[in-house]
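J.: One structure is given below, represented as C-alpha cells, and several questions about it will come after.
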Amino acid sequence: MNNNTQNKVDQPVVHIVDDDEAVRDSLSMLLDSVGIKNANYPSAQFFLDSHQATQLKLMAGCIVLDIRMPGMSGMECQQRLAELKCALPIIFITGHGDVPMAVETMKRGALEFIQKPFREQQLLDCIQAALQLSKSNHSESLYSNEISERLLSLTEREKQVMQGVISGQANKVIAAEMNISQRTVEIHRANVMEKMQAKTLAELVKMVLTQD
C-alpha cells in the first residue's frame, strides 16, 4: 500500500482499489506524475479495514474502484460505503463491464463507470471532477460534524428548550410545558445560542436541519 495513506484525513487522496497489482502501480504512477496524492489497496476489504468508519465520513478525495475482485466486489464495497455514510465519489473501472451493471452502479451514486482499456486523460478528467465534488461534500461533512459536537455540549434542559424555540414556541409556552420559570427558559435559550454559536434563530434552525 502507498505510504500516502498516512496523510491527514482531510487531505484529498485518490484511493485505488484493484486486485491487479500492475493496474494499481500504473494508476499510482499516473497520478504521481500529475501531483495527485494517492494510495492503493489490493482488495475492497483491505480498503475498508484500513480506515475507521469515522475516517471514511470525513475523508476528502475519491475512490477508483475495480468492479470485479475476489472476495468483496466493487458493488458490494459501494453498498458498504453507503451504509457507513462515506461521501467519497466513486469511479468504477472494469474490463468486464456491461450496460446493466453500469446503470446499477450509477443508480447507487457512482460518479462514473469506465471500461478498460481507457485513455489516461479520460480517467484523469473523471478524477478531477470527482475531487471537485469531494471538496464540496467534504466541507459539508466537516460542518455537520462540527454541529454534532456543539449539540453534544448541550444539557438535556437546553436541548428541550432548543426544540421548543426552533418549533416557534414563545418562552412562556416553553416554560409552562417544562414547568419552569420564563426567566429560566431565557437563560437556557441564551446558553443554547452561545454553545451553538448561532447569531440568529434562523441560523440555529439551519444548524439543526443539517443533522436530519
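So you can find residues: chains in the C-alpha cells are A, B, ... in the order shown, residues in each start at 1, and ligands are numbered from 1 in order.
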Excluding A:Thr54 and its own-chain neighbours fewer than 3 positions away, which residues fall within 12 Å of it when counting only C-alpha atoms? Please give them as number ranges by chain.
T.: A: 9-10, 48, 50-51, 57-59, 81, 84-87, 141-142, 145
J.: Keeping only all heavy atoms, write the selected residues as a compact mmCIF listing (two decimals), in the first residue's frame.
T.:
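So part18.txt came out as:
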# COMPACT_ATOMS: atom_id res chain seq x y z
N VAL A 9 -6.68 12.91 7.30
CA VAL A 9 -7.90 12.51 6.62
C VAL A 9 -8.54 13.65 5.84
O VAL A 9 -9.37 13.41 4.98
CB VAL A 9 -8.92 11.93 7.62
CG1 VAL A 9 -8.39 10.66 8.22
CG2 VAL A 9 -9.26 12.93 8.71
N ASP A 10 -8.16 14.91 6.12
CA ASP A 10 -8.80 15.99 5.41
C ASP A 10 -8.04 16.38 4.15
O ASP A 10 -8.39 17.33 3.47
CB ASP A 10 -8.98 17.22 6.32
CG ASP A 10 -7.67 17.77 6.86
OD1 ASP A 10 -6.65 17.10 6.73
OD2 ASP A 10 -7.68 18.88 7.41
N LEU A 48 -11.47 -1.10 3.27
CA LEU A 48 -12.38 -0.83 4.39
C LEU A 48 -11.68 -1.03 5.74
O LEU A 48 -11.88 -0.26 6.67
CB LEU A 48 -13.61 -1.73 4.29
CG LEU A 48 -14.56 -1.46 3.13
CD1 LEU A 48 -15.62 -2.55 3.04
CD2 LEU A 48 -15.21 -0.09 3.27
N SER A 50 -8.64 -0.59 6.39
CA SER A 50 -7.56 0.38 6.58
C SER A 50 -8.04 1.70 7.19
O SER A 50 -7.22 2.55 7.54
CB SER A 50 -6.87 0.67 5.24
OG SER A 50 -6.28 -0.50 4.71
N HIS A 51 -9.36 1.86 7.28
CA HIS A 51 -9.90 3.14 7.76
C HIS A 51 -11.05 2.91 8.73
O HIS A 51 -11.89 2.05 8.50
CB HIS A 51 -10.40 3.98 6.58
CG HIS A 51 -9.37 4.18 5.51
ND1 HIS A 51 -8.30 5.03 5.65
CD2 HIS A 51 -9.24 3.61 4.28
CE1 HIS A 51 -7.57 5.00 4.56
NE2 HIS A 51 -8.10 4.13 3.71
N LYS A 57 -16.12 8.95 6.89
CA LYS A 57 -17.10 10.03 6.81
C LYS A 57 -16.45 11.38 6.52
O LYS A 57 -17.07 12.27 5.96
CB LYS A 57 -17.91 10.13 8.11
CG LYS A 57 -18.88 9.00 8.35
CD LYS A 57 -19.63 9.22 9.65
CE LYS A 57 -20.59 8.07 9.94
NZ LYS A 57 -21.31 8.28 11.22
N LEU A 58 -15.18 11.54 6.95
CA LEU A 58 -14.53 12.84 6.88
C LEU A 58 -13.45 12.93 5.81
O LEU A 58 -12.88 13.99 5.59
CB LEU A 58 -13.91 13.18 8.24
CG LEU A 58 -14.89 13.32 9.41
CD1 LEU A 58 -14.14 13.55 10.71
CD2 LEU A 58 -15.88 14.46 9.15
N MET A 59 -13.19 11.83 5.11
CA MET A 59 -12.14 11.83 4.09
C MET A 59 -12.48 12.76 2.93
O MET A 59 -13.64 12.91 2.55
CB MET A 59 -11.95 10.42 3.53
CG MET A 59 -11.09 9.53 4.38
SD MET A 59 -10.97 7.92 3.56
CE MET A 59 -9.75 7.14 4.59
N LEU A 81 -19.95 1.22 1.76
CA LEU A 81 -19.57 2.62 1.95
C LEU A 81 -20.79 3.51 2.14
O LEU A 81 -20.78 4.45 2.94
CB LEU A 81 -18.73 3.11 0.77
CG LEU A 81 -17.32 2.52 0.67
CD1 LEU A 81 -16.69 2.85 -0.67
CD2 LEU A 81 -16.45 3.06 1.81
N LEU A 84 -21.97 3.21 5.59
CA LEU A 84 -21.07 3.93 6.51
C LEU A 84 -21.14 5.44 6.31
O LEU A 84 -20.43 6.19 6.97
CB LEU A 84 -19.63 3.45 6.30
CG LEU A 84 -19.34 2.00 6.70
CD1 LEU A 84 -17.94 1.59 6.25
CD2 LEU A 84 -19.48 1.81 8.21
N LYS A 85 -22.02 5.87 5.38
CA LYS A 85 -22.20 7.30 5.07
C LYS A 85 -20.91 7.94 4.59
O LYS A 85 -20.60 9.09 4.92
CB LYS A 85 -22.77 8.05 6.29
CG LYS A 85 -24.11 7.50 6.77
CD LYS A 85 -24.72 8.38 7.84
CE LYS A 85 -25.99 7.75 8.42
NZ LYS A 85 -26.99 7.44 7.39
N CYS A 86 -20.15 7.20 3.82
CA CYS A 86 -18.94 7.72 3.19
C CYS A 86 -19.32 8.50 1.94
O CYS A 86 -20.00 7.96 1.06
CB CYS A 86 -17.98 6.58 2.84
SG CYS A 86 -16.51 7.10 1.94
N ALA A 87 -18.89 9.75 1.87
CA ALA A 87 -19.29 10.61 0.76
C ALA A 87 -18.26 10.66 -0.37
O ALA A 87 -18.39 11.45 -1.30
CB ALA A 87 -19.56 12.03 1.27
N SER A 141 -19.51 17.86 5.19
CA SER A 141 -19.33 16.84 6.23
C SER A 141 -18.65 17.41 7.47
O SER A 141 -19.05 17.11 8.60
CB SER A 141 -18.48 15.68 5.68
OG SER A 141 -19.17 15.01 4.65
N LEU A 142 -17.63 18.25 7.25
CA LEU A 142 -16.94 18.86 8.37
C LEU A 142 -17.87 19.78 9.15
O LEU A 142 -17.86 19.80 10.39
CB LEU A 142 -15.72 19.66 7.88
CG LEU A 142 -14.53 18.84 7.38
CD1 LEU A 142 -13.42 19.77 6.90
CD2 LEU A 142 -13.99 17.92 8.46
N ASN A 145 -20.29 17.67 11.15
CA ASN A 145 -19.61 17.07 12.29
C ASN A 145 -19.41 18.09 13.41
O ASN A 145 -19.55 17.79 14.59
CB ASN A 145 -18.26 16.51 11.85
CG ASN A 145 -17.61 15.63 12.90
OD1 ASN A 145 -18.18 14.63 13.30
ND2 ASN A 145 -16.43 16.00 13.34
J.: Per residue of stretch 84-136 of chain A within 12 Å of stretch 69-72 of chain A, which atom pair is closest and at what distance in Å (one decimal), using only C-alpha atoms, listed by chain and increasing number, as JSON lines?
T.:
{"residue": "A:Ile93", "atom": "CA", "partner": "A:Met69", "partner_atom": "CA", "distance": 11.3}
{"residue": "A:Thr94", "atom": "CA", "partner": "A:Met69", "partner_atom": "CA", "distance": 9.8}
{"residue": "A:Gly95", "atom": "CA", "partner": "A:Met69", "partner_atom": "CA", "distance": 11.2}
{"residue": "A:His96", "atom": "CA", "partner": "A:Met69", "partner_atom": "CA", "distance": 11.0}
J.: Which of stretch 40-177 of chain A end up as helix (DSSP H, G or I) when DSSP is run on this backbone - answer as number ranges by chain?
T.: A: 44-49, 53-58, 74-83, 99-107, 120-152, 156-166, 171-177
J.: Keeping C-alpha atoms for every residue in the selection just given, could you write it to a file as a PDB file, in the first residue's frame?
T.:
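The resulting out_1.pdb:
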ATOM      1  CA  ALA A  44     -12.151  -3.840  -1.189  1.00  0.00           C
ATOM      2  CA  GLN A  45     -11.997  -5.425   2.256  1.00  0.00           C
ATOM      3  CA  PHE A  46      -8.415  -4.245   2.706  1.00  0.00           C
ATOM      4  CA  PHE A  47      -9.506  -0.697   1.892  1.00  0.00           C
ATOM      5  CA  LEU A  48     -12.376  -0.829   4.393  1.00  0.00           C
ATOM      6  CA  ASP A  49     -10.164  -2.370   7.083  1.00  0.00           C
ATOM      7  CA  ALA A  53     -15.840   4.450   9.994  1.00  0.00           C
ATOM      8  CA  THR A  54     -15.359   7.963  11.378  1.00  0.00           C
ATOM      9  CA  GLN A  55     -12.434   8.484   8.986  1.00  0.00           C
ATOM     10  CA  LEU A  56     -14.484   7.400   5.995  1.00  0.00           C
ATOM     11  CA  LYS A  57     -17.104  10.035   6.808  1.00  0.00           C
ATOM     12  CA  LEU A  58     -14.526  12.842   6.881  1.00  0.00           C
ATOM     13  CA  GLY A  74     -16.752  -3.335  -6.115  1.00  0.00           C
ATOM     14  CA  MET A  75     -20.541  -3.093  -5.993  1.00  0.00           C
ATOM     15  CA  GLU A  76     -20.610  -4.709  -2.547  1.00  0.00           C
ATOM     16  CA  CYS A  77     -17.973  -2.228  -1.413  1.00  0.00           C
ATOM     17  CA  GLN A  78     -20.087   0.620  -2.788  1.00  0.00           C
ATOM     18  CA  GLN A  79     -23.053  -0.616  -0.755  1.00  0.00           C
ATOM     19  CA  ARG A  80     -20.936  -0.902   2.404  1.00  0.00           C
ATOM     20  CA  LEU A  81     -19.566   2.624   1.955  1.00  0.00           C
ATOM     21  CA  ALA A  82     -23.118   3.945   1.575  1.00  0.00           C
ATOM     22  CA  GLU A  83     -24.075   2.246   4.857  1.00  0.00           C
ATOM     23  CA  VAL A  99     -24.659  -1.800 -19.573  1.00  0.00           C
ATOM     24  CA  PRO A 100     -26.951  -3.153 -16.794  1.00  0.00           C
ATOM     25  CA  MET A 101     -24.030  -3.223 -14.359  1.00  0.00           C
ATOM     26  CA  ALA A 102     -23.060   0.349 -15.246  1.00  0.00           C
ATOM     27  CA  VAL A 103     -26.650   1.548 -14.825  1.00  0.00           C
ATOM     28  CA  GLU A 104     -26.923  -0.140 -11.432  1.00  0.00           C
ATOM     29  CA  THR A 105     -23.715   1.440 -10.089  1.00  0.00           C
ATOM     30  CA  MET A 106     -24.792   4.879 -11.321  1.00  0.00           C
ATOM     31  CA  LYS A 107     -28.205   4.481  -9.686  1.00  0.00           C
ATOM     32  CA  GLU A 120      -5.268   8.107 -19.282  1.00  0.00           C
ATOM     33  CA  GLN A 121      -6.683  11.580 -19.897  1.00  0.00           C
ATOM     34  CA  GLN A 122     -10.226  10.225 -19.693  1.00  0.00           C
ATOM     35  CA  LEU A 123      -9.531   8.843 -16.236  1.00  0.00           C
ATOM     36  CA  LEU A 124      -7.701  11.992 -15.104  1.00  0.00           C
ATOM     37  CA  ASP A 125     -10.634  14.145 -16.207  1.00  0.00           C
ATOM     38  CA  CYS A 126     -13.013  11.941 -14.208  1.00  0.00           C
ATOM     39  CA  ILE A 127     -10.741  12.087 -11.163  1.00  0.00           C
ATOM     40  CA  GLN A 128     -10.500  15.885 -11.327  1.00  0.00           C
ATOM     41  CA  ALA A 129     -14.309  16.099 -11.465  1.00  0.00           C
ATOM     42  CA  ALA A 130     -14.534  13.698  -8.512  1.00  0.00           C
ATOM     43  CA  LEU A 131     -12.063  15.766  -6.468  1.00  0.00           C
ATOM     44  CA  GLN A 132     -14.088  18.926  -7.117  1.00  0.00           C
ATOM     45  CA  LEU A 133     -17.256  17.166  -5.977  1.00  0.00           C
ATOM     46  CA  SER A 134     -15.441  15.788  -2.934  1.00  0.00           C
ATOM     47  CA  LYS A 135     -14.270  19.281  -1.963  1.00  0.00           C
ATOM     48  CA  SER A 136     -17.889  20.395  -1.697  1.00  0.00           C
ATOM     49  CA  ASN A 137     -19.012  17.199   0.076  1.00  0.00           C
ATOM     50  CA  HIS A 138     -16.072  17.371   2.467  1.00  0.00           C
ATOM     51  CA  SER A 139     -16.866  20.930   3.554  1.00  0.00           C
ATOM     52  CA  GLU A 140     -20.464  19.911   4.255  1.00  0.00           C
ATOM     53  CA  SER A 141     -19.326  16.840   6.230  1.00  0.00           C
ATOM     54  CA  LEU A 142     -16.939  18.864   8.375  1.00  0.00           C
ATOM     55  CA  TYR A 143     -19.650  21.446   9.074  1.00  0.00           C
ATOM     56  CA  SER A 144     -22.162  18.731  10.005  1.00  0.00           C
ATOM     57  CA  ASN A 145     -19.613  17.066  12.288  1.00  0.00           C
ATOM     58  CA  GLU A 146     -18.895  20.393  13.995  1.00  0.00           C
ATOM     59  CA  ILE A 147     -22.611  20.989  14.572  1.00  0.00           C
ATOM     60  CA  SER A 148     -22.923  17.484  16.056  1.00  0.00           C
ATOM     61  CA  GLU A 149     -20.186  18.292  18.558  1.00  0.00           C
ATOM     62  CA  ARG A 150     -21.918  21.546  19.529  1.00  0.00           C
ATOM     63  CA  LEU A 151     -25.197  19.693  20.074  1.00  0.00           C
ATOM     64  CA  LEU A 152     -23.429  17.212  22.338  1.00  0.00           C
ATOM     65  CA  GLU A 156     -30.879  17.898  28.395  1.00  0.00           C
ATOM     66  CA  ARG A 157     -32.765  21.007  29.570  1.00  0.00           C
ATOM     67  CA  GLU A 158     -31.043  23.133  26.940  1.00  0.00           C
ATOM     68  CA  LYS A 159     -31.969  20.605  24.243  1.00  0.00           C
ATOM     69  CA  GLN A 160     -35.613  20.709  25.365  1.00  0.00           C
ATOM     70  CA  VAL A 161     -35.646  24.491  25.262  1.00  0.00           C
ATOM     71  CA  MET A 162     -33.947  24.477  21.860  1.00  0.00           C
ATOM     72  CA  GLN A 163     -36.610  22.141  20.433  1.00  0.00           C
ATOM     73  CA  GLY A 164     -39.307  24.495  21.676  1.00  0.00           C
ATOM     74  CA  VAL A 165     -37.501  27.510  20.252  1.00  0.00           C
ATOM     75  CA  ILE A 166     -36.984  26.050  16.766  1.00  0.00           C
ATOM     76  CA  ASN A 171     -40.715  31.455  26.004  1.00  0.00           C
ATOM     77  CA  LYS A 172     -43.806  31.430  28.217  1.00  0.00           C
ATOM     78  CA  VAL A 173     -45.218  28.399  26.392  1.00  0.00           C
ATOM     79  CA  ILE A 174     -41.912  26.527  26.756  1.00  0.00           C
ATOM     80  CA  ALA A 175     -41.826  27.494  30.448  1.00  0.00           C
ATOM     81  CA  ALA A 176     -45.342  26.167  31.035  1.00  0.00           C
ATOM     82  CA  GLU A 177     -44.631  22.869  29.231  1.00  0.00           C
TER      83      GLU A 177
END
J.: So how many Å separate atom CA of A:Val17 and atom CA of A:Phe118, to one decimal?
T.: 16.5 Å
J.: Please identify which residues in stretch 15-202 of chain A DSSP calls strand (DSSP E) from the backbone, and express them as a list in words.
T.: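 After running DSSP on the backbone, stretch 15-202 of chain A has strand (DSSP E) at His15, Ile16, Val17, Asn38, Ala39, Asn40, Tyr41, Gly61, Cys62, Ile63, Val64, Leu65, Asp66, Ile90, Ile91, Phe92, Ile93, Thr94, Glu112, Phe113, Ile114 and Gln115 of chain A.
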J.: Could you tell me which of A:Leu30, A:Leu201, A:Val14, A:Ala22 comes closest to A:Ile90 if we count only C-alpha atoms?
T.: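 Nearest to A:Ile90: A:Val14.
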J.: Quick one: distance from atom CA of A:Ile67 to atom CA of A:Gly35 in Å, one decimal?
T.: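 One can read the atom CA of A:Ile67 to atom CA of A:Gly35 distance as 25.7 Å.
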J.: Taking only C-alpha atoms into account, name the residue in A:Lys206, A:Lys116, A:Lys195, A:Arg108 that is nearest to A:Val23.
T.: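 Selected residue with least distance to A:Val23: A:Lys116.
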J.: Fewer than 6 positions away in the same chain doesn't count, so skip those; otherwise give me all residues within 12 Å of A:Asn40, counting only C-alpha atoms, as a PyMOL selection string.
T.: chain A and resi 1-5+13-29+31+46-48+50+62-66
J.: Enter the distance from atom CA of A:Ile180 to atom CA of A:Met207, in Å, rounded to one decimal.
T.: 26.0 Å
J.: With only C-alpha atoms as the basis for distance, which of A:Val34, A:Leu204, A:Val192, A:Leu111 is at the shortest distance from A:Phe92?
T.: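 Selected residue with least distance to A:Phe92: A:Leu111.
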